[in-house]
Structure formats: structure tokens, C-alpha cells
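Visitor: Okay, so here is input14.tsv, and as you'll see once you scroll down, it has TSV, N, CA and C atoms and all ligand atoms.
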chain	number	residue	atom	x	y	z
W	6	MET	N	0.84	-1.19	0.00
W	6	MET	CA	0.00	0.00	0.00
W	6	MET	C	0.88	1.24	0.00
W	7	ALA	N	0.57	2.20	-0.84
W	7	ALA	CA	1.36	3.43	-0.92
W	7	ALA	C	1.27	4.20	0.40
W	8	LEU	N	2.39	4.77	0.82
W	8	LEU	CA	2.46	5.49	2.09
W	8	LEU	C	2.76	6.97	1.85
W	9	TYR	N	2.36	7.80	2.78
W	9	TYR	CA	2.77	9.20	2.76
W	9	TYR	C	2.82	9.70	4.19
W	10	LYS	N	3.53	10.78	4.42
W	10	LYS	CA	3.68	11.32	5.77
W	10	LYS	C	2.88	12.60	5.98
W	11	TYR	N	2.90	13.51	4.99
W	11	TYR	CA	2.33	14.83	5.20
W	11	TYR	C	1.01	14.98	4.43
W	12	PRO	N	-0.12	14.93	5.11
W	12	PRO	CA	-1.42	15.03	4.42
W	12	PRO	C	-1.58	16.33	3.64
W	13	SER	N	-0.87	17.37	4.04
W	13	SER	CA	-1.02	18.65	3.35
W	13	SER	C	-0.41	18.61	1.94
W	14	LEU	N	0.37	17.56	1.64
W	14	LEU	CA	1.03	17.47	0.33
W	14	LEU	C	0.33	16.50	-0.61
W	15	ILE	N	-0.75	15.86	-0.15
W	15	ILE	CA	-1.49	14.88	-0.95
W	15	ILE	C	-2.96	15.30	-0.93
W	16	THR	N	-3.62	15.24	-2.10
W	16	THR	CA	-5.02	15.64	-2.17
W	16	THR	C	-5.87	14.50	-2.71
W	17	SER	N	-7.01	14.26	-2.06
W	17	SER	CA	-7.95	13.25	-2.53
W	17	SER	C	-8.80	13.82	-3.67
W	18	THR	N	-9.18	12.95	-4.61
W	18	THR	CA	-9.98	13.38	-5.75
W	18	THR	C	-10.87	12.24	-6.22
W	19	ASN	N	-11.96	12.58	-6.90
W	19	ASN	CA	-12.82	11.56	-7.51
W	19	ASN	C	-12.57	11.45	-9.00
W	20	ASP	N	-11.44	11.93	-9.49
W	20	ASP	CA	-11.15	11.92	-10.92
W	20	ASP	C	-11.23	10.51	-11.50
W	21	SER	N	-11.85	10.40	-12.68
W	21	SER	CA	-12.06	9.09	-13.30
W	21	SER	C	-10.77	8.45	-13.81
W	22	VAL	N	-9.64	9.19	-13.83
W	22	VAL	CA	-8.40	8.57	-14.29
W	22	VAL	C	-8.00	7.41	-13.38
W	23	PHE	N	-8.53	7.37	-12.17
W	23	PHE	CA	-8.19	6.31	-11.23
W	23	PHE	C	-9.08	5.07	-11.39
W	24	ASP	N	-10.07	5.15	-12.30
W	24	ASP	CA	-11.02	4.04	-12.48
W	24	ASP	C	-10.58	3.06	-13.56
W	25	SER	N	-9.69	3.48	-14.45
W	25	SER	CA	-9.31	2.64	-15.59
W	25	SER	C	-8.33	1.55	-15.17
W	26	ILE	N	-8.48	0.37	-15.78
W	26	ILE	CA	-7.54	-0.73	-15.62
W	26	ILE	C	-6.71	-0.79	-16.91
W	27	HIS	N	-5.38	-0.78	-16.77
W	27	HIS	CA	-4.49	-0.66	-17.92
W	27	HIS	C	-3.78	-1.98	-18.23
W	28	THR	N	-3.61	-2.23	-19.52
W	28	THR	CA	-2.94	-3.43	-20.02
W	28	THR	C	-1.43	-3.31	-19.80
W	29	PRO	N	-0.77	-4.40	-19.36
W	29	PRO	CA	0.68	-4.39	-19.23
W	29	PRO	C	1.34	-3.99	-20.55
W	30	GLY	N	2.39	-3.19	-20.46
W	30	GLY	CA	3.14	-2.79	-21.64
W	30	GLY	C	2.55	-1.60	-22.38
W	31	SER	N	1.37	-1.16	-21.99
W	31	SER	CA	0.77	-0.01	-22.69
W	31	SER	C	1.37	1.30	-22.16
W	32	PRO	N	1.33	2.37	-22.96
W	32	PRO	CA	1.86	3.65	-22.49
W	32	PRO	C	1.09	4.13	-21.25
W	33	ALA	N	1.82	4.60	-20.24
W	33	ALA	CA	1.16	5.09	-19.03
W	33	ALA	C	0.45	6.41	-19.35
W	34	SER	N	-0.81	6.51	-18.97
W	34	SER	CA	-1.59	7.71	-19.26
W	34	SER	C	-1.11	8.89	-18.43
W	35	HIS	N	-0.60	8.62	-17.24
W	35	HIS	CA	-0.13	9.67	-16.34
W	35	HIS	C	1.11	9.18	-15.60
W	36	ALA	N	1.97	10.12	-15.21
W	36	ALA	CA	3.07	9.78	-14.32
W	36	ALA	C	2.51	9.55	-12.92
W	37	GLY	N	3.07	8.59	-12.20
W	37	GLY	CA	2.60	8.36	-10.84
W	37	GLY	C	2.85	6.94	-10.41
W	38	ILE	N	2.10	6.50	-9.41
W	38	ILE	CA	2.22	5.15	-8.87
W	38	ILE	C	1.07	4.31	-9.38
W	39	TYR	N	1.41	3.16	-9.94
W	39	TYR	CA	0.43	2.20	-10.44
W	39	TYR	C	0.47	0.96	-9.57
W	40	ARG	N	-0.68	0.32	-9.39
W	40	ARG	CA	-0.80	-0.87	-8.55
W	40	ARG	C	-1.34	-2.02	-9.39
W	41	CYS	N	-0.73	-3.20	-9.22
W	41	CYS	CA	-1.22	-4.40	-9.90
W	41	CYS	C	-2.49	-4.88	-9.21
W	42	GLU	N	-3.57	-5.03	-9.99
W	42	GLU	CA	-4.85	-5.45	-9.43
W	42	GLU	C	-4.80	-6.90	-8.94
W	43	GLY	N	-3.85	-7.69	-9.46
W	43	GLY	CA	-3.79	-9.09	-9.09
W	43	GLY	C	-3.12	-9.32	-7.74
W	44	CYS	N	-2.00	-8.63	-7.48
W	44	CYS	CA	-1.21	-8.93	-6.28
W	44	CYS	C	-0.93	-7.73	-5.40
W	45	GLY	N	-1.27	-6.53	-5.84
W	45	GLY	CA	-1.06	-5.34	-5.01
W	45	GLY	C	0.30	-4.71	-5.14
W	46	ARG	N	1.17	-5.27	-5.97
W	46	ARG	CA	2.50	-4.69	-6.16
W	46	ARG	C	2.37	-3.29	-6.79
W	47	GLU	N	3.20	-2.37	-6.33
W	47	GLU	CA	3.14	-1.00	-6.81
W	47	GLU	C	4.40	-0.64	-7.59
W	48	MET	N	4.24	0.23	-8.60
W	48	MET	CA	5.35	0.67	-9.44
W	48	MET	C	5.22	2.16	-9.69
W	49	ALA	N	6.34	2.89	-9.60
W	49	ALA	CA	6.36	4.29	-10.00
W	49	ALA	C	6.71	4.38	-11.47
W	50	ILE	N	5.90	5.11	-12.24
W	50	ILE	CA	6.10	5.22	-13.68
W	50	ILE	C	6.30	6.70	-14.04
W	51	ALA	N	7.39	6.98	-14.76
W	51	ALA	CA	7.69	8.35	-15.17
W	51	ALA	C	6.84	8.77	-16.36
W	52	GLN	N	6.70	10.07	-16.54
W	52	GLN	CA	5.93	10.61	-17.66
W	52	GLN	C	6.50	10.11	-18.98
W	53	GLY	N	5.64	9.62	-19.87
W	53	GLY	CA	6.05	9.17	-21.19
W	53	GLY	C	6.54	7.73	-21.24
W	54	HIS	N	6.58	7.05	-20.09
W	54	HIS	CA	7.04	5.66	-20.05
W	54	HIS	C	5.85	4.71	-20.16
W	55	SER	N	6.17	3.44	-20.43
W	55	SER	CA	5.13	2.42	-20.54
W	55	SER	C	5.01	1.64	-19.23
W	56	LEU	N	3.84	1.03	-19.04
W	56	LEU	CA	3.61	0.18	-17.87
W	56	LEU	C	4.41	-1.11	-18.03
W	57	PRO	N	4.84	-1.73	-16.93
W	57	PRO	CA	5.60	-2.98	-17.02
W	57	PRO	C	4.82	-4.06	-17.78
W	58	PRO	N	5.55	-4.95	-18.47
W	58	PRO	CA	4.90	-5.97	-19.31
W	58	PRO	C	4.30	-7.11	-18.47
W	59	GLN	N	3.60	-8.01	-19.16
W	59	GLN	CA	2.92	-9.12	-18.48
W	59	GLN	C	3.89	-10.04	-17.75
W	60	ASN	N	5.15	-10.11	-18.20
W	60	ASN	CA	6.13	-10.99	-17.52
W	60	ASN	C	6.93	-10.22	-16.46
W	61	HIS	N	6.45	-9.07	-16.03
W	61	HIS	CA	7.17	-8.23	-15.07
W	61	HIS	C	7.37	-8.92	-13.73
W	62	HIS	N	6.36	-9.60	-13.24
W	62	HIS	CA	6.47	-10.37	-11.99
W	62	HIS	C	5.51	-11.55	-12.06
W	63	GLU	N	5.74	-12.53	-11.19
W	63	GLU	CA	4.96	-13.77	-11.25
W	63	GLU	C	3.70	-13.66	-10.41
W	64	HIS	N	2.64	-14.30	-10.92
W	64	HIS	CA	1.38	-14.40	-10.20
W	64	HIS	C	1.03	-15.86	-9.97
W	65	THR	N	0.28	-16.12	-8.92
W	65	THR	CA	-0.34	-17.43	-8.78
W	65	THR	C	-1.52	-17.49	-9.75
W	66	GLN	N	-2.05	-18.66	-9.95
W	66	GLN	CA	-3.21	-18.81	-10.84
W	66	GLN	C	-4.38	-17.95	-10.36
W	67	ASN	N	-4.59	-17.90	-9.04
W	67	ASN	CA	-5.70	-17.13	-8.49
W	67	ASN	C	-5.55	-15.63	-8.71
W	68	GLN	N	-4.30	-15.15	-8.79
W	68	GLN	CA	-4.09	-13.72	-8.98
W	68	GLN	C	-4.34	-13.28	-10.42
W	69	GLY	N	-4.37	-14.23	-11.34
W	69	GLY	CA	-4.70	-13.91	-12.73
W	69	GLY	C	-3.62	-13.12	-13.43
W	70	LEU	N	-4.02	-12.39	-14.47
W	70	LEU	CA	-3.07	-11.60	-15.25
W	70	LEU	C	-2.72	-10.30	-14.53
W	71	ILE	N	-1.57	-9.72	-14.90
W	71	ILE	CA	-1.20	-8.40	-14.40
W	71	ILE	C	-2.12	-7.36	-15.03
W	72	ARG	N	-2.73	-6.52	-14.20
W	72	ARG	CA	-3.55	-5.38	-14.66
W	72	ARG	C	-3.14	-4.20	-13.80
W	73	TRP	N	-2.89	-3.05	-14.42
W	73	TRP	CA	-2.40	-1.88	-13.68
W	73	TRP	C	-3.49	-0.83	-13.49
W	74	ARG	N	-3.51	-0.25	-12.28
W	74	ARG	CA	-4.43	0.86	-11.97
W	74	ARG	C	-3.61	2.01	-11.38
W	75	LEU	N	-3.85	3.21	-11.88
W	75	LEU	CA	-3.22	4.41	-11.31
W	75	LEU	C	-3.79	4.64	-9.91
W	76	ILE	N	-2.91	4.75	-8.89
W	76	ILE	CA	-3.40	5.00	-7.53
W	76	ILE	C	-2.92	6.34	-6.97
W	77	VAL	N	-1.79	6.87	-7.48
W	77	VAL	CA	-1.31	8.19	-7.06
W	77	VAL	C	-0.79	8.89	-8.32
W	78	LEU	N	-1.34	10.05	-8.62
W	78	LEU	CA	-0.94	10.80	-9.81
W	78	LEU	C	0.09	11.85	-9.41
W	79	ALA	N	1.22	11.92	-10.15
W	79	ALA	CA	2.23	12.95	-9.92
W	79	ALA	C	1.83	14.22	-10.66
W	80	ASP	N	1.69	15.28	-9.92
W	80	ASP	CA	1.24	16.57	-10.49
W	80	ASP	C	2.46	17.32	-11.01
W	81	HIS	N	2.57	17.43	-12.34
W	81	HIS	CA	3.73	18.08	-12.94
W	81	HIS	C	3.52	19.57	-13.20
W	82	ARG	N	2.32	20.08	-12.83
W	82	ARG	CA	2.08	21.51	-13.06
W	82	ARG	C	2.90	22.35	-12.08
W	83	PRO	N	3.39	23.49	-12.53
W	83	PRO	CA	4.10	24.38	-11.59
W	83	PRO	C	3.13	24.98	-10.58
W	84	HIS	N	3.60	25.21	-9.36
W	84	HIS	CA	2.76	25.81	-8.32
W	84	HIS	C	3.43	27.06	-7.76
W	101	ZN	ZN	0.84	-8.47	-9.70
Translate the structure described by the file into C-alpha cells.
Guide:
Amino acid sequence: MALYKYPSLITSTNDSVFDSIHTPGSPASHAGIYRCEGCGREMAIAQGHSLPPQNHHEHTQNQGLIRWRLIVLADHRPH
């Protein structure tokens, strides 16, 4: 599970970008932290990079295929 220390630096949102499930190896729609829906493993993905491929890590049969969900979006806008 992703951790943080300072609540003032993280904002909750209902943005639909967090609802999509992404195919392994596809271009990441946003920079940030992605979580595998099968096993909970998390990965930080830089802007313009692709999500890890299907052979990135091993799953049990019950965990199924690797599917990625954006869980923390990195805000690249200047403040
Ligand atoms: Zn996994």
C-alpha cells in the first residue's frame, strides 16, 4: 500500500483517471504510482514511459493476469 507522511502534500480526488484498468506494456496515461490489481505490487512510472509488461512479476493462478491501476498521480504543473 502506498504510504505518505504529510497530508497537506497529498489531495484526494474523484477523478475518473483512477477508475481505468491498464494493459501491461501499454503507455502510461499519467506519471505516478500504479498498482497491480492481481497482487497489489506498486510501481512508480515516469511521464512518457510504458507500464511494465505481463512478464514483469509472477502471479499465482488465483491472482490472474497483471492489470495496472493508477493509484497516485504525480502533479507536474508548476505551483
Ligand atoms: Zn501483480
Visitor: List every residue of range 19-77 of chain W that DSSP, applied to the backbone, labels as helix (DSSP H, G or I), and write the result as an MDAnalysis selection string.
Guide: chainID W and resid 21:23 66:68
Visitor: Interatomic distance between atom N of Pro58 in chain W and CA of Leu78 in chain W?
Guide: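 About the pair atom N of Pro58 in chain W and CA of Leu78 in chain W: they are 19.1 Å apart.
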Visitor: For ligand ZN 101 (chain W), which of W:Gln59, W:His84, W:Gln66, W:Glu42 is the closest residue, counting all atoms listed in the file?
Guide: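 Answer, going by the shortest atom-to-atom distance: W:Glu42.
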Visitor: When you draw a straight line from atom N of Ser31 in chain W to CA of Pro83 in chain W, how long is it in Å?
Guide: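 Going from atom N of Ser31 in chain W over to CA of Pro83 in chain W, I get 27.7 Å.
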Visitor: As a VMD selection string, which residues of chain W does DSSP assign to strand (DSSP E)?
Guide: chain W and resid 37 to 41 47 to 50 73 to 78
Visitor: Extract, using all atoms listed in the file, all DNA, RNA and protein residues at most 6.5 Å from His54 in chain W, discarding same-chain residues fewer than 4 positions from it, and format them as a list in words.
Guide: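 The neighbour list is Ser31, Pro32, Ala33 and Ile50 of chain W.
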